[in-house]
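Okay, so here's the structure we're looking at.
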Amino acid sequence: MEWVRGRDALAAVAIALVAGTVAVAPPFDLLQGWSIDALTALRWRVFGNSHDAKSSPTVVIALDEETYHTPPFKGSPDVTWTREIGRVLTAVVEGGARVIGMDVVFATSIEQSEIPFGEDTLGVRLRGFDRDFLRAIALAAREGKLVLGEISLHEQPILPTPGQRIAVGQRSNIRPLNLYDDIDEVVRRVPLTFTVDGQPVPGMAVELAARALATPPQVLPDQGLILDGYRVPNVVPNTLTVNFEGGSQDIPTYSLGDLRACAEQGDKEFFRRNFNGKVVILGAVLEAEDRKVTSKRFGTSEDKPAFERCVLPPQPAGERFTARSIAGPYIHATAVNNLLRHDALIEIGPVKSGAIAAVFAAIPALSALLLPPIAAVGCYLMLAGAWTAVALLAFQYTLVLPFLAALFAGFEALAVTIGFRLAVTDRDRRFLRRSFALYLAPAVIEKMVASSKLPSLGGETRSVTMFFSDVAGFSSLAETLPPAELISLMNTYLSAMTDIIEAHAGFVDKYIGDAIVGVFGAPVEDQHHAGQAVLAAISCCQRLEELNKTQPTFAARPLRHRIGLNSGEALVGNVGSGRRFNYTVIGDVVNLASRLEGANKYYGTCMLASEATVALTGTAFKWREVDAIRVLGRLQPLRAYEPLALAGQETPAQAAQAEVYARGLACWRKRDFAGAAQLFARTADADPASALFMARAQKLVLSPPGPDWEPINSLEGK
């Protein structure tokens, strides 16, 4: 049994290790991304946003729907907006912004238009249209407060116009805007650097954060990055895992249309109040364009990013919507905030994740071995709830544990271990159930299977209590009853007695005609086998009295039976030939129980038990010592006891009778036969054992025994 348990434990550990490894294998890489998504949503719903929007180091100027419907932008193509954008940029810089990042690329200029317009082209007619815009970005770039964006492509990058590039000093103030998509096209990370013309160049978010801190980033050989002493955590090389909040108002947002009107009005205080010391990102915030699905896709609220207004009245509420995607500028803005706050998400590598998943999986694997399948599933669900709380708490402190990978590994281990248990472990148990099903009660079989001490098939020594019962006068009864009626009567009797024996954790070893041989304490070890046997014997006598009163067949021919109980060491196991065997009990304890059953007919009692059985039951029962006897085939005498009832439940008549009987037995053993006869006479009419002793005492009064007399009754028969 021990090696089987060891084998199963090793199998559970192996299953957990494999499950943990599989959960972090490349085919299941998305579990990590989905974990970030799920934890982002849970954190927002449980804790809300970690930071108030007003404390955000970064703000967004939105080219939004309102801008498109506000003069002078209304009805104008985007390329004609540059002059107005330049005015806003100048006002923002004068308002004290640390740096402005352009998350929109004006790759063409109306001055470059070759569309004929009169005798010239449209571009020639509008030459100088972008002059104010170029002057504004040149001044901002000269102060290190402007970074234009570009989109890196394998073939041809999307760059600002040549005039813009010249105005900002070429590459020194242009940074890539590209994002990092996982294989499910969800943005969870942003690149830290790009290779441009063979040199590493910071991405837009890194560049803006570095300028805000006035500290250049340090690119490490392992594709890591340090900014102002902060080592950006990453598992995917050269990326930052973005720590998104859940709601839509994480980043203060201002409509370009309102800011243009504010600059037109000359409200410099508004710009100082809202942009002083801020990192500013200008880009499109539209309902249907330039939107990305990110790890905050399950943690969203109504998309209403407007912040403080300057001139234009608030927009009508209209129809609000909740989108799973967000506008691109918010991704860069959140990444900048993560860098400035030092709170980018910390992922752990696949080796550590696999180890955590394996440890998690070991618990449902072991529970599947030790518990029934439904209970094991319940244990897994409770464990999953606890793991969710742990992962959520860790995520609150930016640590990303392998949340879904561990749950997946645990489910794998649970399912596989249940399969292993059904195919291997429970095969032995099913064999035992089939083997014992015909002669053990179902409850005893289940207890035996669950026990850590199952009997060996060859036999083992076990402390047991034997139960022998026999119907008094069965031979005469068999002669007077037709066979069919006799069989019906005995089947009813044997069924009733067997049910009682099995209800008290015993099992019927065999039926010998009308006799029943029962065993308590095997095959499952039971420290209380003697008490169970005595309870069964008392219940059997009570049940037979009920049958004699309630069953017509028994009422016509009332039955009496005799029961013998004895406890001790016996050999328990399968005994027989190689082709046919029987699970039984062998030993002197069996023979003595049989003799005690036969002794009942001498004393007119229903039950007799040995001293060994009485000693094992302690003070649980009220006993009456009947006699010291020497049974046939055994030289050593023993004391025989009759169980009357559970301690404290005996009737006053039983207690009084037992007290008188004990005094009479004491006189008998002192050779005071006259005194014994007088005491036994008081209960002789109601007690056959007292009548027997009274007659024996009276006889010895008339003919006293010799000096070698012993107060021991030698029984001549079985």
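A note on labels: chains of the structure tokens are A, B, ... as shown, every chain counts residues from 1, and ligands are counted from 1 in their shown order.
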Inset, instruction - Skip His51 in chain A itself and residues of its chain fewer than 4 positions away, then list as a VMD selection string all residues within 10 Å of it, counting only C-alpha atoms. - result: chain A and resid 55 to 56 245 250 to 251
Inset, instruction - For each of A:Val190, A:Leu383, A:Val280, A:Val232, take the minimum atom-to-atom distance to Lys145 in chain A, counting only C-alpha atoms, then give the residue where this is smallest. - result: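 The shortest atom-to-atom distance to Lys145 in chain A comes from A:Val280.
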Inset, instruction - Going by DSSP on the backbone, which bits of range 472-681 of chain A are helix (DSSP H, G or I)? Write them as JSON, numbers by chain, please. - result: {"A": [474, 475, 476, 477, 478, 479, 480, 483, 484, 485, 486, 487, 488, 489, 490, 491, 492, 493, 494, 495, 496, 497, 498, 499, 500, 501, 502, 503, 529, 530, 531, 532, 533, 534, 535, 536, 537, 538, 539, 540, 541, 542, 543, 544, 545, 546, 547, 548, 549, 550, 552, 553, 554, 555, 556, 588, 589, 590, 591, 592, 593, 594, 595, 596, 597, 598, 599, 600, 601, 602, 603, 611, 612, 613, 614, 615, 616, 617, 652, 653, 654, 655, 656, 657, 658, 659, 660, 661, 662, 663, 664, 665, 666, 667, 668, 669, 673, 674, 675, 676, 677, 678, 679, 680, 681]}
Inset, instruction - Could you tell me how far CA of Gly163 in chain A lies from CA of Val88 in chain A, in Å and to one decimal? - result: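 Distance between the two atoms: 19.2 Å.
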Inset, instruction - Find the residues near Ser295 in chain A: any atom within 12 Å, counting only C-alpha atoms, skip ones fewer than 5 places away on the same chain, and give them as a ChimeraX atom specification. - result: /A:30,32-42,181-182,184-190,241-246,300,324-326,331,334,345
Legend entry - Counting only C-alpha atoms, the residue of A:Asn582, A:Thr398, A:Thr58, A:Thr239 that sits nearest Lys510 in chain A: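 Closest to Lys510 in chain A, using only C-alpha atoms: A:Asn582.
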Listing only residues of range 275-357 of chain A within 12 Å of range 259-265 of chain A, what is the closest atom pair and its distance in Å (to one decimal) for each, using only C-alpha atoms, sorted by chain and residue number ascending, as a tab-separated table?
residue	atom	partner	partner_atom	distance
A:Phe275	CA	A:Leu259	CA	11.5
A:Leu282	CA	A:Leu259	CA	11.7
A:Phe307	CA	A:Leu259	CA	11.6
A:Glu308	CA	A:Leu259	CA	10.4
A:Arg309	CA	A:Leu259	CA	8.4
A:Cys310	CA	A:Cys262	CA	5.8
A:Val311	CA	A:Cys262	CA	5.7
A:Leu312	CA	A:Ala261	CA	7.3
A:Pro313	CA	A:Ala261	CA	11.1
Inset, instruction - Might you pull out every residue within 12 Å of Asp197 in chain A, with only C-alpha atoms counted and same-chain residues fewer than 6 positions away left off, and present them as a count of residues only? - result: 3
Inset, instruction - Write down as a ChimeraX atom specification the residues of range 247-417 of chain A whose backbone DSSP state falls under strand (DSSP E). - result: /A:253-255,279-285,291-293,325-327,346-347,399-400
Export of prior selection with C-alpha atoms as a short mmCIF file (atom, residue, chain, number, x, y, z; two decimals), in the first residue's frame:
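Full text of out-v7.cif as output:
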data_model
loop_
_atom_site.label_atom_id
_atom_site.label_comp_id
_atom_site.auth_asym_id
_atom_site.auth_seq_id
_atom_site.Cartn_x
_atom_site.Cartn_y
_atom_site.Cartn_z
CA THR A 253 -7.51 65.52 -22.72
CA TYR A 254 -8.11 68.87 -24.43
CA SER A 255 -9.82 69.42 -27.74
CA VAL A 279 4.41 66.17 -21.22
CA VAL A 280 2.01 66.89 -24.08
CA ILE A 281 1.03 64.50 -26.85
CA LEU A 282 -0.91 65.78 -29.83
CA GLY A 283 -2.77 63.22 -31.90
CA ALA A 284 -6.05 61.95 -33.30
CA VAL A 285 -8.72 60.90 -30.79
CA ARG A 291 -7.68 53.15 -32.40
CA LYS A 292 -5.88 50.20 -30.87
CA VAL A 293 -7.04 47.23 -28.81
CA SER A 325 -10.11 50.10 -28.15
CA ILE A 326 -8.43 53.38 -27.29
CA ALA A 327 -6.87 56.13 -29.38
CA ILE A 346 6.93 43.61 -14.17
CA GLU A 347 6.63 40.29 -15.98
CA LEU A 399 3.93 42.40 -10.59
CA VAL A 400 2.36 40.17 -13.25
#
Legend entry - Long-range neighbours of range 636-641 of chain A as number ranges by chain, 10 Å cut-off, only C-alpha atoms, 2 positions minimum in chain: A: 564-566, 592, 596, 599-600, 607-614, 623-631, 633-634, 643-644, 712-714
Could you dump the residues just selected with C-alpha atoms as an mmCIF file, in the first residue's frame?
data_model
loop_
_atom_site.group_PDB
_atom_site.id
_atom_site.type_symbol
_atom_site.label_atom_id
_atom_site.label_comp_id
_atom_site.auth_asym_id
_atom_site.auth_seq_id
_atom_site.Cartn_x
_atom_site.Cartn_y
_atom_site.Cartn_z
ATOM 1 C CA GLY A 564 -21.221 -15.836 21.625
ATOM 2 C CA LEU A 565 -18.644 -13.031 21.509
ATOM 3 C CA ASN A 566 -14.877 -13.253 21.884
ATOM 4 C CA LEU A 592 -13.811 -19.829 21.832
ATOM 5 C CA LEU A 596 -19.472 -19.278 24.279
ATOM 6 C CA ALA A 599 -22.690 -22.151 26.627
ATOM 7 C CA ASN A 600 -25.836 -20.018 26.485
ATOM 8 C CA MET A 607 -25.600 -13.620 24.829
ATOM 9 C CA LEU A 608 -22.305 -14.484 26.441
ATOM 10 C CA ALA A 609 -18.987 -12.695 25.975
ATOM 11 C CA SER A 610 -15.437 -13.424 27.065
ATOM 12 C CA GLU A 611 -13.318 -11.427 29.497
ATOM 13 C CA ALA A 612 -11.270 -10.141 26.544
ATOM 14 C CA THR A 613 -14.342 -8.582 24.949
ATOM 15 C CA VAL A 614 -15.464 -7.050 28.247
ATOM 16 C CA TRP A 623 -22.312 -6.457 32.372
ATOM 17 C CA ARG A 624 -23.296 -9.415 34.506
ATOM 18 C CA GLU A 625 -20.682 -12.083 35.199
ATOM 19 C CA VAL A 626 -22.515 -15.372 34.644
ATOM 20 C CA ASP A 627 -19.935 -17.984 35.622
ATOM 21 C CA ALA A 628 -16.384 -19.252 35.355
ATOM 22 C CA ILE A 629 -16.450 -22.074 32.834
ATOM 23 C CA ARG A 630 -14.202 -24.593 31.166
ATOM 24 C CA VAL A 631 -15.368 -25.279 27.628
ATOM 25 C CA GLY A 633 -11.423 -28.806 24.182
ATOM 26 C CA ARG A 634 -9.879 -26.089 26.383
ATOM 27 C CA PRO A 643 -24.205 -7.781 28.317
ATOM 28 C CA LEU A 644 -27.337 -6.205 29.739
ATOM 29 C CA ILE A 712 -15.611 -23.645 37.773
ATOM 30 C CA ASN A 713 -18.285 -25.266 35.661
ATOM 31 C CA SER A 714 -16.914 -27.664 33.028
#
Legend entry - Residue neighbourhood Ile100 in chain A, 10 Å, only C-alpha atoms, exclusion window fewer than 2 positions, as JSON, numbers by chain: {"A": [58, 59, 60, 61, 89, 92, 93, 97, 98, 102, 103, 137, 140, 141, 144, 145, 146, 147, 148, 208, 211, 212, 278, 279, 280, 281, 282]}
Legend entry - Near-Leu10 in chain A list (12 Å; only C-alpha atoms; drop same-chain fewer than 3 positions) as a PyMOL selection string: chain A and resi 3-7+13-17+362+365-366+369+417
Please save N, CA and C atoms of the selected residues as a PDB file, in the first residue's frame.
ATOM      1  N   TRP A   3       3.872   1.634  -1.186  1.00  0.00           N
ATOM      2  CA  TRP A   3       4.513   1.918  -2.480  1.00  0.00           C
ATOM      3  C   TRP A   3       3.497   2.439  -3.478  1.00  0.00           C
ATOM      4  N   VAL A   4       2.247   2.006  -3.346  1.00  0.00           N
ATOM      5  CA  VAL A   4       1.204   2.518  -4.235  1.00  0.00           C
ATOM      6  C   VAL A   4       0.971   4.003  -3.967  1.00  0.00           C
ATOM      7  N   ARG A   5       0.930   4.365  -2.698  1.00  0.00           N
ATOM      8  CA  ARG A   5       0.733   5.774  -2.358  1.00  0.00           C
ATOM      9  C   ARG A   5       1.915   6.607  -2.831  1.00  0.00           C
ATOM     10  N   GLY A   6       3.126   6.044  -2.668  1.00  0.00           N
ATOM     11  CA  GLY A   6       4.300   6.746  -3.167  1.00  0.00           C
ATOM     12  C   GLY A   6       4.277   6.906  -4.668  1.00  0.00           C
ATOM     13  N   ARG A   7       3.857   5.845  -5.358  1.00  0.00           N
ATOM     14  CA  ARG A   7       3.750   5.920  -6.816  1.00  0.00           C
ATOM     15  C   ARG A   7       2.763   6.983  -7.239  1.00  0.00           C
ATOM     16  N   VAL A  13       3.056  14.640  -8.799  1.00  0.00           N
ATOM     17  CA  VAL A  13       4.113  15.650  -8.954  1.00  0.00           C
ATOM     18  C   VAL A  13       4.535  15.754 -10.412  1.00  0.00           C
ATOM     19  N   ALA A  14       4.696  14.591 -11.072  1.00  0.00           N
ATOM     20  CA  ALA A  14       5.092  14.605 -12.484  1.00  0.00           C
ATOM     21  C   ALA A  14       4.031  15.280 -13.348  1.00  0.00           C
ATOM     22  N   ILE A  15       2.765  14.999 -13.065  1.00  0.00           N
ATOM     23  CA  ILE A  15       1.675  15.629 -13.817  1.00  0.00           C
ATOM     24  C   ILE A  15       1.708  17.140 -13.613  1.00  0.00           C
ATOM     25  N   ALA A  16       1.946  17.583 -12.365  1.00  0.00           N
ATOM     26  CA  ALA A  16       2.000  19.022 -12.087  1.00  0.00           C
ATOM     27  C   ALA A  16       3.165  19.681 -12.829  1.00  0.00           C
ATOM     28  N   LEU A  17       4.325  19.026 -12.856  1.00  0.00           N
ATOM     29  CA  LEU A  17       5.480  19.586 -13.567  1.00  0.00           C
ATOM     30  C   LEU A  17       5.207  19.704 -15.058  1.00  0.00           C
ATOM     31  N   ALA A 362       0.207  21.361  -8.562  1.00  0.00           N
ATOM     32  CA  ALA A 362       0.403  20.225  -7.669  1.00  0.00           C
ATOM     33  C   ALA A 362      -0.746  20.080  -6.674  1.00  0.00           C
ATOM     34  N   ALA A 365      -3.714  18.441  -8.336  1.00  0.00           N
ATOM     35  CA  ALA A 365      -3.304  17.078  -8.675  1.00  0.00           C
ATOM     36  C   ALA A 365      -3.397  16.185  -7.446  1.00  0.00           C
ATOM     37  N   LEU A 366      -2.871  16.648  -6.328  1.00  0.00           N
ATOM     38  CA  LEU A 366      -2.930  15.850  -5.103  1.00  0.00           C
ATOM     39  C   LEU A 366      -4.363  15.726  -4.586  1.00  0.00           C
ATOM     40  N   LEU A 369      -6.185  13.018  -6.221  1.00  0.00           N
ATOM     41  CA  LEU A 369      -5.832  11.685  -5.731  1.00  0.00           C
ATOM     42  C   LEU A 369      -6.505  11.372  -4.405  1.00  0.00           C
ATOM     43  N   THR A 417      -5.002  13.975 -13.621  1.00  0.00           N
ATOM     44  CA  THR A 417      -4.895  13.153 -12.419  1.00  0.00           C
ATOM     45  C   THR A 417      -6.173  12.359 -12.180  1.00  0.00           C
TER      46      THR A 417
END
Inset, instruction - Would you mind reading off the distance between CA of Leu700 in chain A and CA of Asp685 in chain A, one decimal, in Å? - result: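 The value is 20.3 Å.
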Inset, instruction - Could you tell me which of A:Glu269, A:Glu460, A:Asp509, A:Glu597 comes closest to Glu569 in chain A if we count only C-alpha atoms? - result: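 Smallest distance to Glu569 in chain A is found for A:Glu460.
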Legend entry - Proximity to Ala209 in chain A - best of A:Ile501, A:Ile174, A:Cys540, A:Ala333, only C-alpha atoms: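 The closest residue to Ala209 in chain A is A:Ala333.
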Inset, instruction - Kindly give the distance, in Å, that separates CA of Asn276 in chain A and CA of Val99 in chain A, rounded to a single decimal. - result: 10.1 Å
